[in-house]
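Chemist: What follows is the file start_31.cif, containing mmCIF, C-alpha atoms:
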data_model
#
loop_
_atom_site.label_atom_id
_atom_site.label_comp_id
_atom_site.auth_asym_id
_atom_site.auth_seq_id
_atom_site.Cartn_x
_atom_site.Cartn_y
_atom_site.Cartn_z
CA MET N 1 3.40 45.63 18.74
CA GLU N 2 2.81 48.98 20.45
CA PHE N 3 3.45 47.25 23.75
CA LEU N 4 6.85 46.10 22.53
CA VAL N 5 7.81 49.54 21.16
CA GLU N 6 6.70 51.27 24.38
CA GLY N 7 8.67 48.69 26.41
CA LEU N 8 11.77 49.34 24.31
CA ARG N 9 11.42 53.14 24.72
CA GLU N 10 11.10 52.79 28.47
CA ALA N 11 14.07 50.44 28.55
CA VAL N 12 16.25 52.99 26.72
CA ARG N 13 15.05 55.72 29.12
CA LEU N 14 15.95 53.53 32.15
CA ILE N 15 19.44 52.85 30.81
CA LEU N 16 20.11 56.46 29.83
CA ARG N 17 18.78 57.76 33.16
CA GLY N 18 21.10 55.34 35.00
CA ASP N 19 18.32 53.54 36.87
CA PRO N 20 19.82 52.32 40.20
CA GLN N 21 18.38 48.80 39.76
CA VAL N 22 19.89 48.47 36.30
CA ILE N 23 23.25 49.92 37.34
CA ASP N 24 23.37 47.71 40.43
CA ALA N 25 22.65 44.49 38.49
CA THR N 26 25.12 45.44 35.74
CA GLY N 27 27.91 46.17 38.23
CA ARG N 28 27.30 42.92 40.09
CA THR N 29 27.17 40.89 36.86
CA LEU N 30 30.50 42.34 35.75
CA ALA N 31 32.14 41.86 39.17
CA ILE N 32 30.98 38.24 39.51
CA SER N 33 31.85 37.26 35.93
CA LEU N 34 35.27 38.93 36.05
CA SER N 35 36.09 37.20 39.36
CA ALA N 36 34.96 33.81 38.03
CA VAL N 37 36.90 34.17 34.78
CA SER N 38 40.03 35.36 36.64
CA LEU N 39 39.88 32.30 38.90
CA ALA N 40 39.30 30.04 35.89
CA ILE N 41 42.36 31.56 34.16
CA CYS N 42 44.57 31.02 37.25
CA LEU N 43 43.45 27.39 37.54
CA GLY N 44 42.91 26.60 33.87
CA LEU N 45 46.00 27.98 32.13
CA PRO N 46 48.52 25.77 33.97
CA ILE N 47 46.28 22.72 33.38
CA ALA N 48 45.93 23.59 29.67
CA LEU N 49 49.70 24.04 29.34
CA LEU N 50 50.36 20.75 31.14
CA LEU N 51 47.92 18.94 28.83
CA ALA N 52 49.52 20.56 25.78
CA ARG N 53 53.16 19.85 26.69
CA ARG N 54 53.11 16.53 28.57
CA ARG N 55 51.66 13.07 27.99
CA PHE N 56 50.65 11.09 31.06
CA LEU N 57 48.25 8.37 32.16
CA GLY N 58 44.68 9.66 31.78
CA HIS N 59 45.77 12.56 29.51
CA ARG N 60 43.27 11.71 26.77
CA LEU N 61 40.49 11.05 29.24
CA LEU N 62 40.99 14.47 30.87
CA LEU N 63 40.91 16.18 27.47
CA ILE N 64 37.67 14.42 26.52
CA LEU N 65 36.20 15.31 29.92
CA PHE N 66 36.99 19.03 29.63
CA ARG N 67 35.78 19.17 26.03
CA SER N 68 32.53 17.42 26.91
CA LEU N 69 31.95 19.90 29.76
CA LEU N 70 32.02 22.83 27.31
CA GLY N 71 28.29 22.68 26.77
CA ILE N 72 27.23 21.77 30.30
CA PRO N 73 23.74 23.15 31.10
CA THR N 74 24.12 25.96 33.63
CA VAL N 75 21.01 24.89 35.47
CA PHE N 76 22.58 21.46 36.07
CA LEU N 77 25.78 23.08 37.34
CA GLY N 78 23.61 25.32 39.53
CA LEU N 79 21.92 22.22 40.91
CA VAL N 80 25.27 20.56 41.72
CA CYS N 81 26.49 23.75 43.42
CA PHE N 82 23.22 24.01 45.34
CA GLY N 83 23.79 20.47 46.61
CA LEU N 84 27.34 21.36 47.65
CA PHE N 85 26.48 24.64 49.37
CA SER N 86 23.13 23.75 50.95
CA ARG N 87 23.07 23.31 54.72
CA ARG N 88 23.27 19.51 54.49
CA GLY N 89 25.83 19.55 51.68
CA PRO N 90 29.60 18.97 52.11
CA LEU N 91 30.32 22.73 51.90
CA GLY N 92 27.27 23.74 53.94
CA PRO N 93 29.29 24.87 57.01
CA LEU N 94 30.92 27.59 54.85
CA ASP N 95 27.49 29.27 54.67
CA LEU N 96 27.97 30.35 51.06
CA LEU N 97 24.51 29.65 49.67
CA TYR N 98 22.75 32.79 48.37
CA THR N 99 25.96 34.86 48.38
CA PRO N 100 27.85 36.36 45.43
CA SER N 101 30.76 34.03 46.33
CA ALA N 102 28.58 30.99 45.61
CA ILE N 103 27.79 32.38 42.14
CA VAL N 104 31.50 33.11 41.57
CA ILE N 105 32.41 29.49 42.45
CA GLY N 106 29.65 28.11 40.24
CA GLU N 107 30.64 30.32 37.32
CA THR N 108 34.30 29.41 37.82
CA LEU N 109 33.29 25.76 37.32
CA LEU N 110 31.41 26.86 34.20
CA ALA N 111 34.37 28.86 32.82
CA LEU N 112 37.08 26.33 33.71
CA PRO N 113 36.42 23.77 30.92
CA ILE N 114 36.09 26.62 28.40
CA VAL N 115 39.43 28.13 29.41
CA ILE N 116 41.15 24.72 29.53
CA ALA N 117 39.78 23.37 26.22
CA LEU N 118 40.35 26.58 24.22
CA ALA N 119 43.73 27.40 25.82
CA HIS N 120 44.86 23.80 25.21
CA GLY N 121 43.98 24.30 21.54
CA ALA N 122 45.95 27.56 21.46
CA PHE N 123 49.01 25.99 23.11
CA THR N 124 49.02 22.87 20.91
CA ALA N 125 48.73 25.05 17.79
CA LEU N 126 52.02 26.77 18.69
CA ASP N 127 54.86 26.09 16.30
CA PRO N 128 57.42 23.66 17.85
CA ARG N 129 60.13 26.22 17.07
CA VAL N 130 58.70 28.47 19.82
CA SER N 131 59.77 26.15 22.62
CA GLU N 132 62.96 25.07 20.82
CA THR N 133 64.04 28.68 20.27
CA ALA N 134 63.27 29.63 23.86
CA ARG N 135 65.20 26.60 25.13
CA THR N 136 68.26 27.13 22.95
CA LEU N 137 68.40 30.79 24.00
CA GLY N 138 68.67 29.67 27.63
CA ALA N 139 65.16 30.56 28.87
CA GLY N 140 64.22 28.95 32.21
CA PRO N 141 60.80 27.38 32.90
CA ILE N 142 59.09 30.65 33.95
CA ARG N 143 60.35 32.63 30.95
CA ARG N 144 59.39 29.77 28.65
CA LEU N 145 55.89 29.74 30.13
CA LEU N 146 55.58 33.51 29.62
CA THR N 147 56.86 33.08 26.06
CA TYR N 148 54.23 30.42 25.30
CA VAL N 149 51.49 32.65 26.74
CA GLY N 150 52.76 35.60 24.68
CA GLU N 151 52.93 33.61 21.44
CA ALA N 152 49.51 32.00 21.97
CA ARG N 153 47.89 35.20 23.20
CA THR N 154 45.28 35.56 20.44
CA GLY N 155 43.90 32.10 21.19
CA LEU N 156 44.10 32.72 24.93
CA ILE N 157 42.21 36.02 24.69
CA LEU N 158 39.56 34.19 22.66
CA ALA N 159 39.28 31.63 25.45
CA VAL N 160 38.92 34.33 28.10
CA LEU N 161 36.31 36.30 26.16
CA THR N 162 34.28 33.18 25.40
CA ALA N 163 34.34 32.23 29.08
CA PHE N 164 33.36 35.78 30.09
CA ALA N 165 30.46 35.87 27.62
CA ARG N 166 29.13 32.56 28.95
CA CYS N 167 29.48 33.58 32.62
CA SER N 168 27.96 37.05 32.28
CA THR N 169 24.85 35.80 30.49
CA GLU N 170 24.15 32.58 32.42
CA LEU N 171 20.98 32.26 34.47
CA GLY N 172 20.94 28.76 36.01
CA ILE N 173 23.79 29.12 38.51
CA ALA N 174 22.93 32.70 39.53
CA MET N 175 19.32 31.68 40.15
CA MET N 176 20.00 28.40 41.99
CA VAL N 177 22.86 29.40 44.29
CA GLY N 178 22.41 33.19 44.24
CA GLY N 179 18.71 33.21 44.91
CA ASN N 180 18.18 36.52 43.05
CA LEU N 181 18.28 38.55 46.28
CA LYS N 182 17.84 42.30 45.79
CA ASP N 183 21.04 44.31 46.51
CA ARG N 184 22.95 41.08 47.20
CA THR N 185 22.93 38.51 44.41
CA ARG N 186 20.76 39.94 41.63
CA THR N 187 22.48 39.82 38.25
CA LEU N 188 21.32 41.07 34.84
CA ALA N 189 20.11 37.59 33.84
CA THR N 190 18.15 36.90 37.04
CA ALA N 191 16.76 40.44 37.09
CA THR N 192 15.55 40.07 33.49
CA ALA N 193 13.68 36.88 34.40
CA LEU N 194 12.25 38.39 37.60
CA GLU N 195 11.10 41.74 36.18
CA THR N 196 9.46 40.09 33.17
CA GLY N 197 7.72 37.62 35.50
CA LYS N 198 6.44 40.54 37.62
CA GLY N 199 4.99 42.20 34.50
CA GLU N 200 7.66 44.96 34.51
CA PHE N 201 8.37 44.36 30.87
CA ALA N 202 10.29 47.61 30.27
CA VAL N 203 12.70 46.97 33.17
CA GLY N 204 13.13 43.37 32.00
CA LEU N 205 13.81 44.60 28.50
CA ALA N 206 16.37 47.15 29.78
CA MET N 207 18.20 44.42 31.71
CA GLY N 208 17.93 41.97 28.80
CA GLY N 209 19.12 44.67 26.38
CA LEU N 210 22.23 45.29 28.46
CA LEU N 211 22.84 41.54 28.62
CA LEU N 212 22.49 41.36 24.84
CA LEU N 213 24.89 44.28 24.47
CA LEU N 214 27.43 42.52 26.69
CA ALA N 215 27.09 39.21 24.80
CA THR N 216 27.19 40.72 21.30
CA GLY N 217 30.09 42.99 22.31
CA MET N 218 32.03 39.90 23.36
CA THR N 219 31.06 38.03 20.18
CA VAL N 220 32.26 40.93 18.01
CA LEU N 221 35.53 41.05 19.95
CA VAL N 222 35.96 37.26 19.64
CA ALA N 223 35.29 37.42 15.88
CA ALA N 224 37.72 40.34 15.43
CA LEU N 225 40.42 38.52 17.37
CA GLY N 226 39.78 35.34 15.41
CA LYS N 227 40.52 37.28 12.21
CA GLU N 228 43.60 38.79 13.82
CA GLY N 229 44.79 35.29 14.79
CA GLN N 230 44.33 34.03 11.23
CA LYS N 231 46.33 36.99 9.95
CA ASN N 232 49.24 36.14 12.26
CA THR N 233 49.51 32.48 11.30
CA MET T 1 90.08 20.17 23.36
CA THR T 2 86.67 18.81 22.45
CA ILE T 3 83.45 20.76 22.97
CA VAL T 4 81.04 18.10 21.74
CA SER T 5 81.45 14.50 20.63
CA THR T 6 79.14 11.76 19.41
CA HIS T 7 79.51 8.01 19.73
CA GLY T 8 77.45 5.42 17.83
CA LEU T 9 74.83 8.05 17.03
CA GLU T 10 71.72 6.86 15.24
CA ILE T 11 68.36 8.62 15.26
CA PHE T 12 65.11 6.93 14.28
CA ARG T 13 61.74 8.41 13.38
CA ASN T 14 58.75 6.07 13.08
CA GLN T 15 61.22 3.20 13.44
CA ALA T 16 63.12 4.29 10.31
CA PRO T 17 66.69 5.61 10.66
CA ILE T 18 66.97 9.30 9.72
CA LEU T 19 70.53 9.91 10.87
CA ALA T 20 73.61 7.72 11.27
CA VAL T 21 76.96 9.35 11.98
CA ASP T 22 80.46 7.99 12.42
CA ASP T 23 81.97 8.94 15.79
CA LEU T 24 82.58 12.66 15.85
CA ASP T 25 84.75 15.00 17.92
CA ILE T 26 84.35 18.74 17.43
CA GLY T 27 87.04 20.90 18.99
CA ARG T 28 86.77 24.28 20.70
CA GLY T 29 86.84 27.17 18.25
CA GLU T 30 86.60 24.81 15.28
CA ARG T 31 84.49 25.74 12.22
CA VAL T 32 82.76 22.68 10.85
CA GLY T 33 80.62 22.43 7.75
CA ILE T 34 78.04 19.66 7.31
CA HIS T 35 77.38 18.57 3.75
CA GLY T 36 75.04 15.96 2.35
CA GLY T 37 72.08 15.46 0.05
CA ASN T 38 68.41 15.80 0.91
CA GLY T 39 67.44 13.48 3.74
CA SER T 40 71.03 12.90 4.82
CA GLY T 41 70.23 14.24 8.30
CA LYS T 42 72.08 17.60 8.34
CA THR T 43 69.32 19.38 10.25
CA THR T 44 68.80 16.39 12.54
CA LEU T 45 72.50 16.34 13.42
CA LEU T 46 72.34 20.05 14.33
CA ARG T 47 69.23 19.36 16.44
CA VAL T 48 71.05 16.52 18.20
CA LEU T 49 74.02 18.78 18.94
CA ALA T 50 71.53 21.41 20.26
CA ALA T 51 70.04 18.77 22.59
CA LEU T 52 66.66 19.03 20.86
CA GLU T 53 66.48 15.36 19.88
CA PRO T 54 66.35 12.57 22.46
CA THR T 55 69.46 10.39 22.40
CA LEU T 56 70.68 7.43 24.39
CA PRO T 57 73.09 8.04 27.29
CA GLY T 58 76.66 8.32 26.02
CA GLN T 59 75.71 8.99 22.40
CA VAL T 60 76.44 12.72 22.72
CA THR T 61 78.77 14.36 25.23
CA TRP T 62 78.99 18.11 25.66
CA GLN T 63 81.89 19.89 27.33
CA CYS T 64 79.86 23.09 27.70
CA SER T 65 76.74 23.93 29.68
CA PRO T 66 73.33 23.96 27.92
CA ASP T 67 73.12 27.75 28.05
CA GLN T 68 76.42 28.06 26.20
CA LEU T 69 75.05 26.55 23.00
CA THR T 70 72.43 27.81 20.62
CA LEU T 71 70.84 26.89 17.31
CA VAL T 72 69.53 29.12 14.52
CA HIS T 73 66.87 27.21 12.59
CA GLN T 74 66.80 27.08 8.81
CA ASP T 75 63.55 29.05 9.00
CA PRO T 76 64.01 30.88 12.30
CA TRP T 77 61.10 31.66 14.59
CA LEU T 78 60.90 35.25 15.81
CA PHE T 79 58.77 35.93 18.88
CA ARG T 80 55.91 38.39 18.45
CA GLY T 81 56.91 41.96 19.19
CA SER T 82 59.90 44.10 18.38
CA VAL T 83 63.21 43.18 16.77
CA LEU T 84 64.95 44.59 19.85
CA ALA T 85 62.97 42.37 22.26
CA ASN T 86 63.90 39.36 20.12
CA VAL T 87 67.61 40.14 20.07
CA GLU T 88 67.56 40.84 23.81
CA TYR T 89 65.68 37.61 24.64
CA GLY T 90 68.67 35.45 25.58
CA LEU T 91 70.25 38.27 27.56
CA ALA T 92 67.02 38.83 29.51
CA ALA T 93 67.00 35.08 30.26
CA ARG T 94 70.50 35.56 31.69
CA ARG T 95 69.33 38.54 33.79
CA VAL T 96 71.57 41.03 32.00
CA LYS T 97 70.59 44.60 32.96
CA ARG T 98 68.40 46.52 30.53
CA THR T 99 70.99 49.13 29.49
CA ALA T 100 73.63 46.47 28.83
CA ARG T 101 71.05 44.42 26.92
CA ARG T 102 70.16 47.37 24.70
CA ARG T 103 73.81 48.18 24.02
CA ARG T 104 74.78 44.61 23.16
CA ALA T 105 71.69 44.04 21.00
CA ALA T 106 72.29 47.26 19.06
CA ASP T 107 75.96 46.36 18.69
CA TRP T 108 75.21 42.93 17.16
CA LEU T 109 72.56 44.29 14.83
CA GLU T 110 75.10 46.85 13.63
CA ARG T 111 77.76 44.18 13.08
CA LEU T 112 75.30 42.20 10.99
CA GLY T 113 74.40 45.27 8.96
CA ALA T 114 70.87 45.39 10.38
CA THR T 115 70.85 48.60 12.45
CA HIS T 116 67.91 49.82 10.37
CA LEU T 117 65.79 47.01 11.86
CA LEU T 118 66.33 48.13 15.45
CA GLY T 119 63.05 50.01 15.86
CA ARG T 120 60.97 47.62 13.77
CA ASN T 121 58.35 45.06 14.71
CA VAL T 122 59.03 41.52 13.49
CA GLU T 123 55.84 41.54 11.44
CA GLY T 124 56.60 42.51 7.87
CA LEU T 125 60.30 41.58 7.94
CA SER T 126 61.55 39.78 4.85
CA ALA T 127 62.95 36.23 5.11
CA GLY T 128 66.51 37.56 4.91
CA GLU T 129 65.85 40.19 7.59
CA ARG T 130 64.29 37.58 9.89
CA ARG T 131 67.40 35.44 9.46
CA ARG T 132 69.69 38.33 10.38
CA VAL T 133 67.64 39.14 13.48
CA ALA T 134 67.73 35.47 14.53
CA LEU T 135 71.49 35.40 14.01
CA ALA T 136 71.96 38.57 16.09
CA ARG T 137 69.76 37.00 18.80
CA ALA T 138 72.02 33.93 18.86
CA LEU T 139 75.34 35.80 18.69
CA VAL T 140 74.48 38.33 21.39
CA ILE T 141 74.57 35.60 24.07
CA ASP T 142 78.19 34.86 23.14
CA PRO T 143 77.72 31.07 22.70
CA ARG T 144 80.57 28.59 22.96
CA LEU T 145 78.84 26.32 20.44
CA LEU T 146 76.91 27.98 17.60
CA LEU T 147 74.80 25.75 15.36
CA LEU T 148 73.59 27.30 12.12
CA ASP T 149 71.23 25.70 9.59
CA GLU T 150 71.80 27.25 6.15
CA PRO T 151 72.46 30.69 7.62
CA LEU T 152 73.01 32.58 4.38
CA ALA T 153 69.96 31.45 2.40
CA GLU T 154 67.76 34.33 1.20
CA ILE T 155 70.21 37.01 2.39
CA ASP T 156 71.39 39.71 -0.02
CA ASP T 157 75.09 40.19 -0.92
CA GLN T 158 75.55 43.06 1.51
CA GLY T 159 74.06 40.96 4.32
CA VAL T 160 76.23 37.98 3.42
CA GLN T 161 79.35 40.14 3.62
CA ALA T 162 78.37 41.51 7.04
CA ILE T 163 77.57 38.02 8.39
CA ASP T 164 80.82 36.55 6.98
CA LEU T 165 82.78 39.31 8.71
CA ALA T 166 80.91 38.90 12.01
CA LEU T 167 81.36 35.11 12.05
CA ALA T 168 85.06 35.40 11.14
CA GLN T 169 85.61 37.52 14.28
CA LEU T 170 84.31 34.76 16.60
CA SER T 171 87.64 33.18 17.42
CA ASP T 172 86.54 31.34 20.60
CA THR T 173 83.22 30.06 19.33
CA THR T 174 82.79 26.64 17.78
CA ILE T 175 80.60 27.00 14.70
CA VAL T 176 78.83 24.07 13.08
CA ILE T 177 77.05 24.98 9.86
CA ALA T 178 74.72 22.84 7.79
CA SER T 179 75.08 23.59 4.05
CA PRO T 180 77.74 26.31 4.45
CA VAL T 181 77.12 27.91 1.06
CA GLY T 182 78.25 31.51 0.51
CA LEU T 183 80.94 31.60 3.19
CA PRO T 184 84.44 32.81 2.25
CA ASP T 185 87.03 30.26 1.14
CA GLY T 186 88.94 28.85 4.08
CA PHE T 187 86.29 29.78 6.65
CA ILE T 188 85.24 26.15 7.13
CA GLU T 189 88.13 24.20 8.63
CA ARG T 190 86.59 20.74 8.46
CA THR T 191 83.80 19.17 6.50
CA ILE T 192 81.53 16.34 7.59
CA GLU T 193 79.88 14.51 4.74
CA LEU T 194 76.58 12.93 5.73
CA VAL T 195 74.98 10.08 3.82
CA ALA T 196 71.31 9.16 4.19
CA PRO T 197 71.06 6.03 6.39
CA ARG T 198 69.30 4.00 3.67
CA GLU T 199 72.12 4.81 1.21
CA ARG T 200 74.70 3.89 3.84
CA ALA T 201 73.01 0.53 4.28
CA SER T 202 72.99 -0.15 0.54
CA ARG T 203 76.71 0.73 0.28
CA VAL T 204 77.69 -1.80 2.94
#
Please express what this file holds, its structure, as structure tokens.

Modeler:
Amino acid sequence: MEFLVEGLREAVRLILRGDPQVIDATGRTLAISLSAVSLAICLGLPIALLLARRRFLGHRLLLILFRSLLGIPTVFLGLVCFGLFSRRGPLGPLDLLYTPSAIVIGETLLALPIVIALAHGAFTALDPRVSETARTLGAGPIRRLLTYVGEARTGLILAVLTAFARCSTELGIAMMVGGNLKDRTRTLATATALETGKGEFAVGLAMGGLLLLLATGMTVLVAALGKEGQKNT
Amino acid sequence: MTIVSTHGLEIFRNQAPILAVDDLDIGRGERVGIHGGNGSGKTTLLRVLAALEPTLPGQVTWQCSPDQLTLVHQDPWLFRGSVLANVEYGLAARRVKRTARRRRAADWLERLGATHLLGRNVEGLSAGERRRVALARALVIDPRLLLLDEPLAEIDDQGVQAIDLALAQLSDTTIVIASPVGLPDGFIERTIELVAPRERASRV
């Protein structure tokens, strides 16, 4: 028990002192997750809107596919990305393996189904009068799209935060395609695993604590926004 | 001169007819009231005239462009945000400059006796206030064909007077109103009486 308490004290000291290792891993985790979620938003929102507003061949199949990918194990996704980026893989010539870009791509694939499935839910929950009102007031396609995004924004923010929480705390992809290289690809999750494995329990706990803070912060925000969304409906 | 006409119009939902109308010609500047019992298709007819319901080619013919017509729902939807942004919406879609948008939006809110709503957010507006904002949002774009679904429901006497006055000043606009209750005598020039399709069938 004493060992745990001492580890926790040291972890707090490391965070408060601004330990370079901790700061470095935190900064990289944020940068990688934000990039991955931004890419997933750019790709996912138009797909979600298309699935919500149009019916076409394979529509249902696509929806089932994206929903079933919500809980994909990150280590499996890491494995797939490793196969793609490794020297003999189809994307091997790009030389991306063990770079932050590889983690960003992997996490984008992780975030994409989350953004699509949750944003699709937000768009389909919109009252039909939203599009009818926009149309009868003469809004063109771009303004209508912006109107839908504005009206569904609580649900969309929920989607983004959920995707961000999953990306920032994942270990499988960062470990498999990032390689946990110091000063290059080390994230909070991989650093936690490494430091604990090395016996540096306090450092591991500091990293893990920050990860927990990030995840719970997101969960609190998601819950608060969920309440806000209920209030507005 | 006709602004919209229908020919052999029948609308089905789940294979059951929900609207059947005799051929109809509505002239420019005309004020038409639609009457009928529950389920007679008043709202559906307005939706058809607003091009919100799919129809067969030739069933409806408009002599105005799509951005010259607008519909105010029975329970209007206001976009999240301010009253001003809502009233300006159609003008922004037409790329009207910000200062002109502000002026025209404020002008229409004043005409409808709703100047006090100008700085408000749409959250917390009463049903009557929401209706007035939606009406200002429709009128500010100066439509050629204005379709109103029970526009005066839930509006207080003062509001009704302001709306009556504002609508009476629209000499060039064709107004089609479902359930035109509360409008001054003589405002409606022609009445269309709708009968539910199943009742029509039993009468034949």

Chemist: Using the chain letters and numbers from the file, give me the residues hit by the PyMOL selection byres ((chain T) within 8 of (chain N)), as number ranges by chain.

Modeler: T: 50, 52, 66-67, 69-72, 76-77, 79-80, 89-90, 93-94, 138, 141

Chemist: When you look at segment 4-18 of chain T with a cut-off of 8 Å (counting all atoms listed in the file), what residues show up, excluding the ones that are within fewer than 4 positions of it in the same chain? I need them as a list of chain:residue names.

Modeler: T:Asp22, T:Asp23, T:Leu24, T:Asp25, T:Ile26, T:Gly27, T:Gly39, T:Ser40, T:Gly41, T:Thr44, T:Leu49, T:Thr55, T:Gly58, T:Gln59, T:Val60, T:Thr61, T:Trp62, T:Gln63, T:Cys64, T:Ala196, T:Pro197, T:Arg198

Chemist: Can you list what the PyMOL selection byres ((chain T and resi 134) around 8) grabs from this structure, as a PyMOL selection string?

Modeler: chain T and resi 72+76-78+86-87+130-133+135-138

Chemist: Selected residues, C-alpha atoms, written as a compact mmCIF listing (two decimals), in the frame of the given file, please.

Modeler:
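Written out: selection.txt:
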# COMPACT_ATOMS: atom_id res chain seq x y z
CA VAL T 72 69.53 29.12 14.52
CA PRO T 76 64.01 30.88 12.30
CA TRP T 77 61.10 31.66 14.59
CA LEU T 78 60.90 35.25 15.81
CA ASN T 86 63.90 39.36 20.12
CA VAL T 87 67.61 40.14 20.07
CA ARG T 130 64.29 37.58 9.89
CA ARG T 131 67.40 35.44 9.46
CA ARG T 132 69.69 38.33 10.38
CA VAL T 133 67.64 39.14 13.48
CA LEU T 135 71.49 35.40 14.01
CA ALA T 136 71.96 38.57 16.09
CA ARG T 137 69.76 37.00 18.80
CA ALA T 138 72.02 33.93 18.86

Chemist: Go ahead and compute the interatomic distance for atom CA of Gly186 of chain T and atom CA of Arg111 of chain T, in Å to one decimal.

Modeler: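 Computed distance, atom CA of Gly186 of chain T to atom CA of Arg111 of chain T, equals 21.0 Å.
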
Chemist: Report as a ChimeraX atom specification the residues that result from applying the PyMOL selection byres ((chain T and resi 29) around 12) to the structure here.

Modeler: /T:1-4,26-28,30-32,143-146,167-176,187-190

Chemist: Which residue out of N:Ala11, N:Ile105, N:Gly92, N:Arg54 has the minimum interatomic distance to Leu77 of chain N when all atoms listed in the file are used?

Modeler: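 The closest residue to Leu77 of chain N is N:Ile105.
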